[in-house]
$ cat protein-v6.txt   # compact mmCIF, C-alpha atoms and all ligand atoms
# COMPACT_ATOMS: atom_id res chain seq x y z
CA MET A 1 3.66 -4.14 19.67
CA ASN A 2 2.79 -1.60 16.98
CA GLU A 3 -0.72 -2.90 16.52
CA GLU A 4 -2.47 -0.90 13.80
CA ARG A 5 -6.01 -0.88 12.47
CA THR A 6 -6.76 -0.41 8.79
CA LEU A 7 -9.86 -0.18 6.61
CA ILE A 8 -10.65 -2.37 3.62
CA ILE A 9 -13.51 -1.88 1.18
CA ILE A 10 -14.18 -4.90 -1.01
CA LYS A 11 -15.42 -3.11 -4.12
CA PRO A 12 -18.42 -3.95 -6.36
CA ASP A 13 -16.26 -5.68 -9.00
CA ALA A 14 -15.11 -8.21 -6.41
CA LEU A 15 -18.69 -8.88 -5.30
CA GLN A 16 -19.89 -9.31 -8.91
CA ARG A 17 -16.95 -11.56 -9.76
CA ASN A 18 -17.54 -13.87 -6.77
CA LEU A 19 -14.23 -12.97 -5.14
CA LEU A 20 -15.38 -12.13 -1.60
CA GLY A 21 -14.21 -15.40 -0.08
CA GLU A 22 -10.89 -15.26 -1.92
CA ILE A 23 -10.16 -11.77 -0.61
CA VAL A 24 -11.25 -12.35 2.98
CA GLY A 25 -9.20 -15.56 2.92
CA ARG A 26 -6.02 -13.76 1.88
CA PHE A 27 -6.26 -11.39 4.85
CA GLU A 28 -7.07 -14.24 7.23
CA GLN A 29 -4.17 -16.33 5.95
CA LYS A 30 -1.74 -13.46 6.53
CA GLY A 31 -2.65 -13.53 10.22
CA LEU A 32 -4.61 -10.28 10.28
CA LYS A 33 -7.45 -10.11 12.79
CA ILE A 34 -10.89 -9.14 11.51
CA ILE A 35 -12.26 -6.68 14.06
CA GLY A 36 -15.23 -5.43 12.00
CA MET A 37 -17.07 -6.56 8.88
CA LYS A 38 -20.40 -5.68 7.20
CA MET A 39 -22.13 -5.15 3.84
CA ILE A 40 -23.27 -1.60 3.03
CA GLN A 41 -24.53 0.45 0.09
CA LEU A 42 -22.27 3.47 -0.52
CA GLU A 43 -23.83 6.85 -1.29
CA ASP A 44 -22.64 10.17 -2.71
CA ALA A 45 -21.96 11.89 0.62
CA ILE A 46 -19.69 9.22 2.09
CA LEU A 47 -17.89 8.76 -1.25
CA ALA A 48 -17.20 12.50 -1.51
CA GLU A 49 -15.70 12.35 1.99
CA HIS A 50 -13.79 9.12 1.46
CA TYR A 51 -12.36 10.20 -1.90
CA SER A 52 -12.11 13.92 -1.03
CA HIS A 53 -8.61 14.07 -2.59
CA HIS A 54 -10.15 12.96 -5.91
CA VAL A 55 -13.38 14.99 -6.12
CA ASP A 56 -11.94 17.36 -8.72
CA LYS A 57 -10.38 14.63 -10.85
CA PRO A 58 -11.91 13.75 -14.22
CA PHE A 59 -12.50 10.15 -13.15
CA PHE A 60 -14.43 11.03 -9.97
CA ALA A 61 -17.93 10.72 -11.51
CA SER A 62 -17.20 7.30 -12.96
CA LEU A 63 -15.49 6.18 -9.74
CA LYS A 64 -18.61 7.16 -7.79
CA ASN A 65 -20.92 5.33 -10.21
CA PHE A 66 -18.75 2.22 -9.94
CA MET A 67 -18.59 2.33 -6.14
CA LYS A 68 -22.41 2.67 -5.93
CA SER A 69 -23.13 -0.04 -8.52
CA SER A 70 -23.70 -2.75 -5.89
CA PRO A 71 -23.23 -3.09 -2.14
CA VAL A 72 -19.67 -3.33 -0.86
CA VAL A 73 -18.17 -5.17 2.10
CA VAL A 74 -16.19 -3.07 4.56
CA MET A 75 -13.69 -4.66 6.91
CA ALA A 76 -11.55 -3.34 9.74
CA LEU A 77 -8.37 -5.37 10.24
CA SER A 78 -5.76 -5.20 12.96
CA GLY A 79 -2.24 -6.52 13.29
CA LEU A 80 1.44 -5.66 13.57
CA ASN A 81 2.18 -2.82 11.12
CA ALA A 82 -1.13 -3.70 9.49
CA ILE A 83 -1.46 -0.55 7.36
CA SER A 84 1.67 -1.09 5.27
CA ALA A 85 1.38 -4.89 5.40
CA VAL A 86 -2.13 -4.71 3.92
CA ARG A 87 -1.07 -2.26 1.19
CA LEU A 88 1.59 -4.80 0.14
CA ILE A 89 -0.98 -7.60 -0.02
CA VAL A 90 -3.33 -5.35 -2.02
CA GLY A 91 -0.71 -4.01 -4.46
CA PRO A 92 -0.51 -0.65 -6.25
CA THR A 93 -3.56 1.12 -7.74
CA LYS A 94 -3.40 -0.17 -11.32
CA GLY A 95 -4.13 -3.86 -11.50
CA TYR A 96 -2.24 -4.21 -14.79
CA GLU A 97 0.95 -2.94 -13.08
CA ALA A 98 0.57 -4.79 -9.77
CA ASP A 99 2.89 -7.68 -8.95
CA ALA A 100 1.61 -11.22 -9.25
CA GLY A 101 0.86 -12.47 -5.75
CA SER A 102 -0.90 -9.27 -4.73
CA ILE A 103 -4.71 -9.09 -4.75
CA ARG A 104 -4.77 -6.50 -7.53
CA GLY A 105 -1.93 -8.21 -9.42
CA ASP A 106 -3.72 -11.54 -9.38
CA LEU A 107 -7.32 -10.40 -9.78
CA SER A 108 -7.53 -7.03 -11.59
CA LEU A 109 -6.55 -5.60 -14.97
CA SER A 110 -7.92 -2.12 -14.26
CA GLY A 111 -6.94 1.20 -12.73
CA GLN A 112 -10.52 1.66 -11.48
CA THR A 113 -12.16 -1.71 -10.91
CA ASN A 114 -9.26 -2.83 -8.74
CA ILE A 115 -11.07 -5.10 -6.26
CA VAL A 116 -10.26 -3.46 -2.92
CA HIS A 117 -9.60 -0.18 -1.15
CA ALA A 118 -7.02 -0.17 1.65
CA SER A 119 -6.02 2.72 3.92
CA ASP A 120 -2.68 4.19 2.87
CA SER A 121 -1.26 5.77 6.06
CA SER A 122 -1.72 5.91 9.82
CA GLY A 123 -3.28 9.36 9.38
CA SER A 124 -5.98 8.06 7.07
CA ALA A 125 -6.51 4.61 8.59
CA GLU A 126 -8.01 5.68 11.92
CA LYS A 127 -10.25 8.22 10.17
CA GLU A 128 -11.40 5.63 7.65
CA VAL A 129 -12.17 2.98 10.27
CA ALA A 130 -14.22 5.59 12.16
CA ARG A 131 -15.94 6.70 8.93
CA PHE A 132 -17.38 3.23 8.28
CA PHE A 133 -17.71 1.64 11.73
CA LYS A 134 -19.41 2.76 14.93
CA SER A 135 -17.47 1.83 18.05
CA GLU A 136 -20.01 -0.90 18.90
CA GLU A 137 -19.40 -2.51 15.49
CA LEU A 138 -15.70 -3.04 16.27
CA PHE A 139 -14.79 -6.09 18.32
CA ASP A 140 -11.94 -6.66 20.73
CA TYR A 141 -11.53 -10.40 21.22
CA LYS A 142 -8.80 -12.94 21.86
CA LYS A 143 -7.67 -14.93 18.86
CA ILE A 144 -6.17 -18.34 19.58
CA ASP A 145 -3.52 -18.20 16.84
CA PHE A 146 -1.95 -15.02 18.33
CA GLU A 147 1.08 -16.73 19.84
CA PHE A 148 1.97 -18.39 16.55
CA VAL A 149 1.22 -15.43 14.27
CA TYR A 150 3.75 -13.39 16.29
CA GLY A 151 7.05 -14.09 18.01
CA GLU A 152 7.49 -13.75 21.77
CA GLU A 153 9.08 -10.28 21.70
CA GLU A 154 6.45 -8.98 19.30
CA ARG A 155 3.65 -10.22 21.56
CA GLY A 156 5.14 -8.19 24.43
O1 LIG B 1 -6.91 2.86 -4.12
P1 LIG B 1 -5.54 3.49 -4.12
O2 LIG B 1 -5.18 4.15 -2.79
O3 LIG B 1 -4.48 2.54 -4.59
O4 LIG B 1 -5.55 4.64 -5.23
P2 LIG B 1 -5.97 6.17 -5.17
O5 LIG B 1 -4.98 6.94 -6.02
O6 LIG B 1 -6.18 6.64 -3.77
O7 LIG B 1 -7.36 6.19 -5.97
C1 LIG B 1 -8.54 5.74 -5.35
C2 LIG B 1 -9.33 4.93 -6.35
O8 LIG B 1 -9.75 5.78 -7.42
C3 LIG B 1 -8.55 3.82 -7.05
O9 LIG B 1 -8.42 2.66 -6.27
C4 LIG B 1 -9.39 3.59 -8.29
O10 LIG B 1 -10.51 2.76 -8.03
C5 LIG B 1 -9.89 5.01 -8.60
N1 LIG B 1 -9.11 5.65 -9.67
C6 LIG B 1 -9.69 5.77 -10.94
O11 LIG B 1 -10.83 5.38 -11.14
N2 LIG B 1 -8.97 6.34 -11.97
C7 LIG B 1 -7.72 6.81 -11.76
N3 LIG B 1 -7.05 7.37 -12.78
C8 LIG B 1 -7.13 6.69 -10.49
C9 LIG B 1 -7.85 6.10 -9.45
MG MG B 2 -5.87 5.84 -1.83
$ encode --input "protein-v6.txt" --output "structure tokens"
Amino acid sequence: MNEERTLIIIKPDALQRNLLGEIVGRFEQKGLKIIGMKMIQLEDAILAEHYSHHVDKPFFASLKNFMKSSPVVVMALSGLNAISAVRLIVGPTKGYEADAGSIRGDLSLSGQTNIVHASDSSGSAEKEVARFFKSEELFDYKKIDFEFVYGEEERG
């Protein structure tokens, strides 16, 4: 089974707009397994690392201010092809262009305050999980819905 891990950041707009439960629920309902979850305050250094591909962009200063404006909730999720599956649930960057049914399509009208971050590739996902979680903060446990979330051949 191509079990992948991916990183989610539930951004300050979601916290302020009382959407934490809604967002966690969507990932749970999909069948994804929560293997790590905590509330943290982001700071300049980790944001410069996490958004290193954007540090020279004109929006970087405002993105940083937004991401530091309240605590965030970080989650590590695992599941079959989880990286691309989660990006589909999240939707594209701009909330006003995202399909209805996706988190951003249903809950955001913005290209910045777009509710969640999700890792975009296998290269970035492992690095991002390691950036926000120590190994002892990630949990390997048996989930009782496993044999119904996946078919027999997928379970291996
Ligand atoms: O989050 P995603 O991978 O979909 O998009 P990104 O291109 O990697 O950009 C990272 C984040 O920067 C976005 O989610 C927005 O919050 C922010 N951003 C922004 O503030 N203004 C832009 N013009 C583009 C992105
Ligand atoms: Mg990105």
$ residues_around --input "protein-v6.txt" --residues "Asp99 in chain A" --least-positions-apart "6" --cutoff "10 Å" --atoms "only C-alpha atoms" --output "list in words"
Leu88, Ile89, Val90, Gly91, Pro92, Gly105 and Asp106 of chain A
$ closest_residue --input "protein-v6.txt" --among "A:Glu128, A:Glu137, A:Glu43, A:Asp145" --to "ligand MG 2 (chain B)" --atoms "only C-alpha atoms and all ligand atoms"
A:Glu128
$ residues_near_ligand --input "protein-v6.txt" --ligand "ligand MG 2 (chain B)" --cutoff "10 Å" --atoms "all atoms listed in the file" --output "compact mmCIF listing (two decimals) with C-alpha atoms, in the coordinates of the input"
# COMPACT_ATOMS: atom_id res chain seq x y z
CA HIS A 50 -13.79 9.12 1.46
CA TYR A 51 -12.36 10.20 -1.90
CA HIS A 53 -8.61 14.07 -2.59
CA HIS A 54 -10.15 12.96 -5.91
CA ARG A 87 -1.07 -2.26 1.19
CA PRO A 92 -0.51 -0.65 -6.25
CA THR A 93 -3.56 1.12 -7.74
CA HIS A 117 -9.60 -0.18 -1.15
CA ALA A 118 -7.02 -0.17 1.65
CA SER A 119 -6.02 2.72 3.92
CA ASP A 120 -2.68 4.19 2.87
CA SER A 121 -1.26 5.77 6.06
CA SER A 124 -5.98 8.06 7.07
$ atom_distance --input "protein-v6.txt" --atom1 "atom P1 of ligand LIG 1 (chain B)" --atom2 "CA of Leu138 in chain A"
23.7 Å
$ atom_distance --input "protein-v6.txt" --atom1 "CA of Asn2 in chain A" --atom2 "CA of Asn81 in chain A"
6.0 Å
$ closest_residue --input "protein-v6.txt" --among "A:Val129, A:Val24, A:Ile103, A:Leu80" --to "Gly151 in chain A" --atoms "only C-alpha atoms"
A:Leu80
$ closest_residue --input "protein-v6.txt" --among "A:Met67, A:Ala82, A:Val73, A:Ile23" --to "Glu4 in chain A" --atoms "all atoms listed in the file"
A:Ala82
$ atom_distance --input "protein-v6.txt" --atom1 "CA of Gly79 in chain A" --atom2 "CA of Ser135 in chain A"
18.0 Å
$ closest_residue --input "protein-v6.txt" --among "A:Ile144, A:Leu7, A:Val86, A:Leu107" --to "Ile35 in chain A" --atoms "only C-alpha atoms"
A:Leu7
$ closest_residue --input "protein-v6.txt" --among "A:Arg26, A:Arg131, A:Lys94, A:Lys64" --to "Thr6 in chain A" --atoms "only C-alpha atoms"
A:Arg131
$ closest_residue --input "protein-v6.txt" --among "A:Met37, A:Leu15, A:Ile8, A:Met75" --to "ligand LIG 1 (chain B)" --atoms "only C-alpha atoms and all ligand atoms"
A:Ile8
$ residues_around --input "protein-v6.txt" --residues "Leu63 in chain A" --least-positions-apart "2" --cutoff "12 Å" --atoms "only C-alpha atoms" --output "list in words"
Lys11, Pro12, Asp13, Leu42, Glu43, Asp44, Leu47, Ala48, His50, Tyr51, His54, Val55, Asp56, Lys57, Pro58, Phe59, Phe60, Ala61, Asn65, Phe66, Met67, Lys68, Ser69, Gly111, Gln112, Thr113 and Asn114 of chain A
$ residues_around --input "protein-v6.txt" --residues "Ile40 in chain A" --least-positions-apart "5" --cutoff "8 Å" --atoms "all atoms listed in the file" --output "list in words"
Pro71, Val72, Val73 and Val74 of chain A
$ decode --input "protein-v6.txt" --residues "range 27-42 of chain A" --atoms "all heavy atoms" --output "short mmCIF file (atom, residue, chain, number, x, y, z; two decimals), in the first residue's frame"
data_model
loop_
_atom_site.label_atom_id
_atom_site.label_comp_id
_atom_site.auth_asym_id
_atom_site.auth_seq_id
_atom_site.Cartn_x
_atom_site.Cartn_y
_atom_site.Cartn_z
N PHE A 27 -11.28 15.76 7.11
CA PHE A 27 -10.18 14.80 6.93
C PHE A 27 -10.53 13.45 7.58
O PHE A 27 -10.25 12.39 7.02
CB PHE A 27 -8.88 15.36 7.51
CG PHE A 27 -8.37 16.57 6.77
CD1 PHE A 27 -8.05 17.73 7.45
CD2 PHE A 27 -8.21 16.54 5.39
CE1 PHE A 27 -7.57 18.85 6.76
CE2 PHE A 27 -7.74 17.65 4.70
CZ PHE A 27 -7.42 18.81 5.38
N GLU A 28 -11.16 13.49 8.73
CA GLU A 28 -11.57 12.24 9.38
C GLU A 28 -12.57 11.47 8.51
O GLU A 28 -12.46 10.27 8.32
CB GLU A 28 -12.24 12.54 10.74
CG GLU A 28 -11.30 12.96 11.84
CD GLU A 28 -12.05 13.09 13.16
OE1 GLU A 28 -13.03 13.86 13.22
OE2 GLU A 28 -11.66 12.41 14.13
N GLN A 29 -13.55 12.23 7.98
CA GLN A 29 -14.59 11.56 7.18
C GLN A 29 -14.04 10.93 5.92
O GLN A 29 -14.58 9.94 5.41
CB GLN A 29 -15.69 12.57 6.83
CG GLN A 29 -16.59 12.87 8.03
CD GLN A 29 -17.37 14.16 7.87
OE1 GLN A 29 -17.55 14.67 6.76
NE2 GLN A 29 -17.82 14.71 8.97
N LYS A 30 -12.96 11.48 5.38
CA LYS A 30 -12.35 10.90 4.18
C LYS A 30 -11.73 9.54 4.47
O LYS A 30 -11.55 8.72 3.57
CB LYS A 30 -11.28 11.87 3.66
CG LYS A 30 -10.57 11.43 2.42
CD LYS A 30 -11.45 11.47 1.19
CE LYS A 30 -10.62 11.29 -0.09
NZ LYS A 30 -11.49 11.21 -1.28
N GLY A 31 -11.39 9.30 5.75
CA GLY A 31 -10.73 8.05 6.11
C GLY A 31 -9.26 8.24 6.45
O GLY A 31 -8.57 7.27 6.75
N LEU A 32 -8.78 9.48 6.37
CA LEU A 32 -7.37 9.74 6.70
C LEU A 32 -7.14 9.49 8.19
O LEU A 32 -8.04 9.70 9.01
CB LEU A 32 -7.02 11.18 6.33
CG LEU A 32 -6.96 11.39 4.81
CD1 LEU A 32 -7.37 12.80 4.45
CD2 LEU A 32 -5.60 11.03 4.26
N LYS A 33 -5.93 9.06 8.50
CA LYS A 33 -5.59 8.77 9.90
C LYS A 33 -4.78 9.95 10.45
O LYS A 33 -3.79 10.36 9.83
CB LYS A 33 -4.75 7.50 9.92
CG LYS A 33 -4.34 6.99 11.26
CD LYS A 33 -3.66 5.63 11.02
CE LYS A 33 -3.04 5.08 12.26
NZ LYS A 33 -2.38 3.78 11.96
N ILE A 34 -5.21 10.49 11.58
CA ILE A 34 -4.47 11.58 12.22
C ILE A 34 -3.34 10.95 13.02
O ILE A 34 -3.58 10.20 13.97
CB ILE A 34 -5.39 12.39 13.15
CG1 ILE A 34 -6.56 13.01 12.36
CG2 ILE A 34 -4.58 13.50 13.86
CD1 ILE A 34 -7.64 13.64 13.23
N ILE A 35 -2.10 11.23 12.60
CA ILE A 35 -0.95 10.64 13.31
C ILE A 35 -0.21 11.67 14.17
O ILE A 35 0.68 11.32 14.94
CB ILE A 35 0.01 9.91 12.35
CG1 ILE A 35 0.53 10.86 11.26
CG2 ILE A 35 -0.67 8.71 11.73
CD1 ILE A 35 1.69 10.26 10.46
N GLY A 36 -0.59 12.94 14.04
CA GLY A 36 -0.01 13.99 14.88
C GLY A 36 -0.90 15.22 14.83
O GLY A 36 -1.50 15.49 13.78
N MET A 37 -1.01 15.95 15.95
CA MET A 37 -1.86 17.13 15.98
C MET A 37 -1.52 17.99 17.19
O MET A 37 -1.45 17.48 18.31
CB MET A 37 -3.32 16.70 16.06
CG MET A 37 -4.31 17.81 15.90
SD MET A 37 -5.94 17.08 15.55
CE MET A 37 -6.96 18.51 15.81
N LYS A 38 -1.29 19.29 16.97
CA LYS A 38 -1.00 20.20 18.10
C LYS A 38 -1.23 21.64 17.68
O LYS A 38 -1.25 21.97 16.49
CB LYS A 38 0.45 20.02 18.57
CG LYS A 38 1.49 20.33 17.52
CD LYS A 38 2.91 20.07 18.03
CE LYS A 38 3.91 20.29 16.91
NZ LYS A 38 5.30 20.09 17.32
N MET A 39 -1.38 22.52 18.69
CA MET A 39 -1.50 23.96 18.45
C MET A 39 -0.14 24.60 18.71
O MET A 39 0.49 24.32 19.74
CB MET A 39 -2.56 24.57 19.37
CG MET A 39 -2.77 26.05 19.14
SD MET A 39 -4.06 26.73 20.23
CE MET A 39 -5.52 26.46 19.23
N ILE A 40 0.29 25.46 17.78
CA ILE A 40 1.58 26.15 17.94
C ILE A 40 1.46 27.60 17.48
O ILE A 40 0.55 27.94 16.72
CB ILE A 40 2.73 25.47 17.13
CG1 ILE A 40 2.39 25.43 15.64
CG2 ILE A 40 3.01 24.08 17.66
CD1 ILE A 40 3.56 25.00 14.76
N GLN A 41 2.39 28.43 17.94
CA GLN A 41 2.51 29.81 17.45
C GLN A 41 3.66 29.84 16.43
O GLN A 41 4.79 29.52 16.77
CB GLN A 41 2.79 30.76 18.62
CG GLN A 41 3.07 32.19 18.20
CD GLN A 41 1.86 32.86 17.52
OE1 GLN A 41 0.74 32.81 18.03
NE2 GLN A 41 2.09 33.47 16.36
N LEU A 42 3.39 30.20 15.20
CA LEU A 42 4.44 30.28 14.18
C LEU A 42 5.28 31.53 14.39
O LEU A 42 4.78 32.55 14.86
CB LEU A 42 3.83 30.28 12.78
CG LEU A 42 3.11 28.98 12.39
CD1 LEU A 42 2.43 29.13 11.03
CD2 LEU A 42 4.10 27.81 12.36
#
